[in-house]
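Visitor: Below is a structure I'd like to ask you about.
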Amino acid sequence: MSVRTWGEFAKEEPDLAAFGAELLLGAQVAYLATVRPDGVPRVHPVTPILTDEGLFLFMEPTSPKGHDLRSGSGYSMHNAVPDMNGTGGEFIVSGKGFAVEDEQTRATVSDAARYKPVDRYVLFELKLAEARCNGYGDVQLPATRRWSAAS
């Protein structure tokens with residue numbers, strides 16, 4: 001699977017990235033799907049963090065989603081929608097997650113977070129294989145609605 005950073009994606013498709021950033025950061029949570037080692041999918045509420053370079057998540061060291069990402073599970077993340085009509089549109093990314101050990105990156109991401117990450121949290125960068133959006137007539141969609149790292 002070919003993956004790129006959020007920053008690389010945003011340079012290639014700035015309008016789609018801006019649409020996605022607004023939806024991922026506009027709600028209290030987004031939803032991250034991973035796959036357990038036994039193949040069963042699971043969904044987790046998360047608070048994504050965006051910097052100019054990447055899409056990140058902090059999580060507890062014992063988090064099942066962290067175990068899934070470390071074991072090579074791919075992920076998908078979808079913004080929260082406020083109602084059953086999908087008001088405001090939908091944005092989904094998928095790819096692979098990687099634990100981040102670099103202290104400078106951790107400091108940059110901590111500064112960008114909407115909350116104060118505690119020292120025990122593990123930082124993951126979510127690299128993108130694909131991004132797409134959808135809407136239902138109430139929101140203007142970007143000209144490009146689907147992006148792939150493979151193209």
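If you're wondering about the labels, chains in the structure tokens are A, B, ... by order shown, residues count from 1 in each chain, ligands from 1 in order shown.
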Out of segment 14-80 of chain A, which residues get alpha helix (DSSP H) from DSSP, as a list in words?
Guide: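 Matching residues, listed in order: Pro14, Asp15, Leu16, Ala17, Ala18, Phe19, Gly20, Ala21, Glu22, Leu23, Leu24, Leu25, Gly26, Pro64, Lys65, Gly66, His67, Asp68, Leu69 and Arg70 of chain A.
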Visitor: Find the residues of segment 118-138 of chain A that sit at most 12 Å from segment 62-69 of chain A; for each, write down the nearest two atoms and how far apart they are in Å, to one decimal. Count only C-alpha atoms. Sort by chain, then by number going up, and give it as CSV.
Guide:
```
residue,atom,partner,partner_atom,distance
A:Arg120,CA,A:Thr62,CA,10.1
A:Tyr121,CA,A:Thr62,CA,9.3
A:Val122,CA,A:Gly66,CA,8.2
A:Leu123,CA,A:Gly66,CA,9.1
A:Phe124,CA,A:Gly66,CA,8.0
A:Glu125,CA,A:Leu69,CA,10.1
A:Leu126,CA,A:Leu69,CA,9.3
A:Lys127,CA,A:Leu69,CA,11.4
```
Visitor: Near Ala33 of chain A, counting only C-alpha atoms, which residues have an atom at most 9 Å away, once you skip same-chain residues fewer than 5 positions from it, shown as a VMD selection string?
Guide: chain A and resid 41 to 45 65 74 to 78
Visitor: Rounded to one decimal in Å, what is the spacing between atom CA of Glu90 of chain A and atom CA of Arg132 of chain A?
Guide: 8.3 Å
Visitor: Each residue of segment 57-97 of chain A lying at most 12 Å from segment 1-6 of chain A should get a row with its shortest atom-to-atom pair and the distance in Å to one decimal, counting only C-alpha atoms; could you produce that, ordered by chain and increasing number, as a tab-separated table?
Guide:
```
residue	atom	partner	partner_atom	distance
A:Gly72	CA	A:Met1	CA	11.3
A:Ser73	CA	A:Met1	CA	11.7
A:Gly74	CA	A:Met1	CA	9.5
A:Tyr75	CA	A:Val3	CA	11.8
A:Val93	CA	A:Trp6	CA	10.0
A:Ser94	CA	A:Val3	CA	9.2
A:Gly95	CA	A:Val3	CA	6.4
A:Lys96	CA	A:Val3	CA	7.2
A:Gly97	CA	A:Val3	CA	9.8
```
Visitor: Which residue gives the smallest distance to Pro37 of chain A among A:Met59, A:Asp52, A:Glu12, A:Arg70, with only C-alpha atoms counted?
Guide: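 Checking each of A:Met59, A:Asp52, A:Glu12, A:Arg70 against Pro37 of chain A, counting only C-alpha atoms, the winner is A:Arg70.
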Visitor: For Ala17 of chain A, list every protein, DNA or RNA residue within 12 Å, evaluated using only C-alpha atoms, and leave out those in the same chain fewer than 3 positions away; present the list as JSON, numbers by chain.
Guide: {"A": [5, 6, 7, 8, 9, 10, 11, 12, 13, 14, 20, 21, 22, 23, 24, 25, 50, 51, 52, 54, 55, 91, 92, 93, 128, 130, 131, 132, 133, 141, 142, 143, 144, 145, 146, 147]}
Visitor: What does the distance from atom CA of Ser71 of chain A to atom CA of Asp38 of chain A come to in Å, to one decimal?
Guide: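 Here the two named atoms are 11.3 Å from each other.
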Visitor: Show me, as a ChimeraX atom specification, the residues that have an atom within 8 Å of Asp138 of chain A when counting only C-alpha atoms, minus same-chain residues fewer than 2 positions from it.
Guide: /A:87-89,135-136,140
Visitor: Report the distance between atom CA of Ala113 of chain A and atom CA of Asn85 of chain A in Å, rounded to one decimal place.
Guide: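 Taking atom CA of Ala113 of chain A as the start and atom CA of Asn85 of chain A as the end point, the length is 29.1 Å.
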